[in-house]
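> Questions regarding the structure given below will be posed in turn.
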2 protein chains.
Amino acid sequence: MTKAHEVVAAYWAAAEARDWAAFSALLVDDVVYRGPQTREQVRGREAYIRFNTEGFDYDWHVTVVRIIGEGQHAVSWTDFAGREGTQPGLCFFELDNDGRIATITDFWPDPYELPASRAHLVERY
Amino acid sequence: MTKAHEVVAAYWAAAEARDWAAFSALLVDDVVYRGPQTREQVRGREAYIRFNTEGFDYDWHVTVVRIIGEGQHAVSWTDFAGREGTQPGLCFFELDNDGRIATITDFWPDPYELPASRAHLVERY
């Protein structure tokens, strides 16, 4: 397991445990979080902890499906169970030279209708 | 660069070049493609080539943003420029023991409205 893989595993374990001290210790001071789908951004460790605690103030649970790490990059594919059922979350991480998380780019793909143009080329599961 | 990283780089290079022979050679015979958002599935190399050629029969271009590989797993984050502008595509790959692609899980995260519940905790970019 790469270092980046381990860091991201620790990140999700801390989040699931609501251990914000351990979570915080994995981040650089000026960590940057981005959600490209809404073009939202959070800068700095304190603001990011507040985002995670105040922004999601309901019962939620996160389960890791897969983590892949290479060099200073990693990705996680998780299942996030919250108010609206369970949905996949895909999160890209960049680490600094000390192995702390410097940037997080977070994607939440929602269900959509199968386009008619390729319906004859696929089956459903 | 890991082997899995190289295979996925070759996969996107072949797709962008419409070199379906090279693309095909990277896949196992019984490759399985899944799109969890529509619950669509394609099984087998021939069906998957047809899906890529007939299912997307317009001008499109794909640019790799990032590839991460570890062991027999890899992920790609690409920008896909097609009929509806450019959108990110996130694709998880599993390789068999010979380094050929056995499964592909493809996500297309669309833009959505920022939830009011966390609007005070973020900035926009």
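Chain identifiers are assigned as A, B, and so on, following the order in which chains appear in the structure tokens; residues are numbered from 1 within each chain, and ligands are numbered from 1 in order of appearance.
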I want to know what sits within 6 Å of range 104-117 of chain A, based on only C-alpha atoms, with residues of the same chain fewer than 5 positions away left out; could you give that as a ChimeraX atom specification?
/A:33-35,89-93 /B:37-38,109
> Tell me, which residues of range 2-112 of chain B carry DSSP helix (DSSP H, G or I), written as a PyMOL selection string?
chain B and resi 3-16+20-25+45-54
> I'd like the contact shell of range 62-77 of chain B - 7 Å cut-off, only C-alpha atoms, skipping same-chain residues fewer than 6 positions apart - returned as a ChimeraX atom specification.
/A:68-70,73-74 /B:2,4-5,16,88-96
> Using the chain letters and numbers from this document, which residues of range 61-105 of chain A does DSSP assign to strand (DSSP E or B), as a ChimeraX atom specification?
/A:61-70,73-82,85-95,101-105
> Just the number, please: distance in Å from CA of Arg124 in chain B to CA of Gln41 in chain A, one decimal.
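These atoms are spaced 5.7 Å apart.
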> Distance CA of Gln87 in chain B-CA of Gly55 in chain A, one decimal place?
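Separation of CA of Gln87 in chain B and CA of Gly55 in chain A: 26.1 Å.
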> Using only C-alpha atoms, which of B:Gly99, B:Trp20, B:Val42, B:His120 sits nearest Val8 in chain B?
B:Gly99
> So how far away is CA of Asp29 in chain B from CA of Ala102 in chain B, in Å?
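Separation of CA of Ala102 in chain B and CA of Asp29 in chain B: 8.3 Å.
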> Rank A:Ala14, A:Ile49, A:Ala81, A:Ile101 by their smallest atom-to-atom distance to chain B, using only C-alpha atoms, and report the top residue only.
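With only C-alpha atoms as the atom set, the closest residue is A:Ile49.
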> Out of B:Glu123, B:Asp19, B:Asp59, B:Glu84, which residue has the shortest atom-to-atom distance to chain A when counting only C-alpha atoms?
B:Glu123
> So which residues touch Glu46 in chain B within 10 Å, counting only C-alpha atoms, skipping near sequence neighbours fewer than 6 positions away, as a list in words?
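What passes the distance filter is Ser24, Asp29, Asp30 and Val31 of chain B.
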> For the residues in that selection, give me N, CA, C and O atoms as an mmCIF file, in the first residue's frame.

data_model
loop_
_atom_site.group_PDB
_atom_site.id
_atom_site.type_symbol
_atom_site.label_atom_id
_atom_site.label_comp_id
_atom_site.auth_asym_id
_atom_site.auth_seq_id
_atom_site.Cartn_x
_atom_site.Cartn_y
_atom_site.Cartn_z
ATOM 1 N N SER B 24 -8.700 -2.267 -28.426
ATOM 2 C CA SER B 24 -9.201 -3.615 -28.216
ATOM 3 C C SER B 24 -8.154 -4.529 -27.580
ATOM 4 O O SER B 24 -8.466 -5.359 -26.721
ATOM 5 N N ASP B 29 -11.107 -10.496 -23.247
ATOM 6 C CA ASP B 29 -12.227 -10.859 -24.134
ATOM 7 C C ASP B 29 -13.579 -10.541 -23.497
ATOM 8 O O ASP B 29 -14.496 -10.066 -24.150
ATOM 9 N N ASP B 30 -13.695 -10.857 -22.218
ATOM 10 C CA ASP B 30 -14.990 -10.707 -21.543
ATOM 11 C C ASP B 30 -15.012 -9.460 -20.645
ATOM 12 O O ASP B 30 -15.559 -9.484 -19.545
ATOM 13 N N VAL B 31 -14.409 -8.401 -21.148
ATOM 14 C CA VAL B 31 -14.402 -7.128 -20.421
ATOM 15 C C VAL B 31 -15.840 -6.725 -20.040
ATOM 16 O O VAL B 31 -16.788 -6.982 -20.800
#
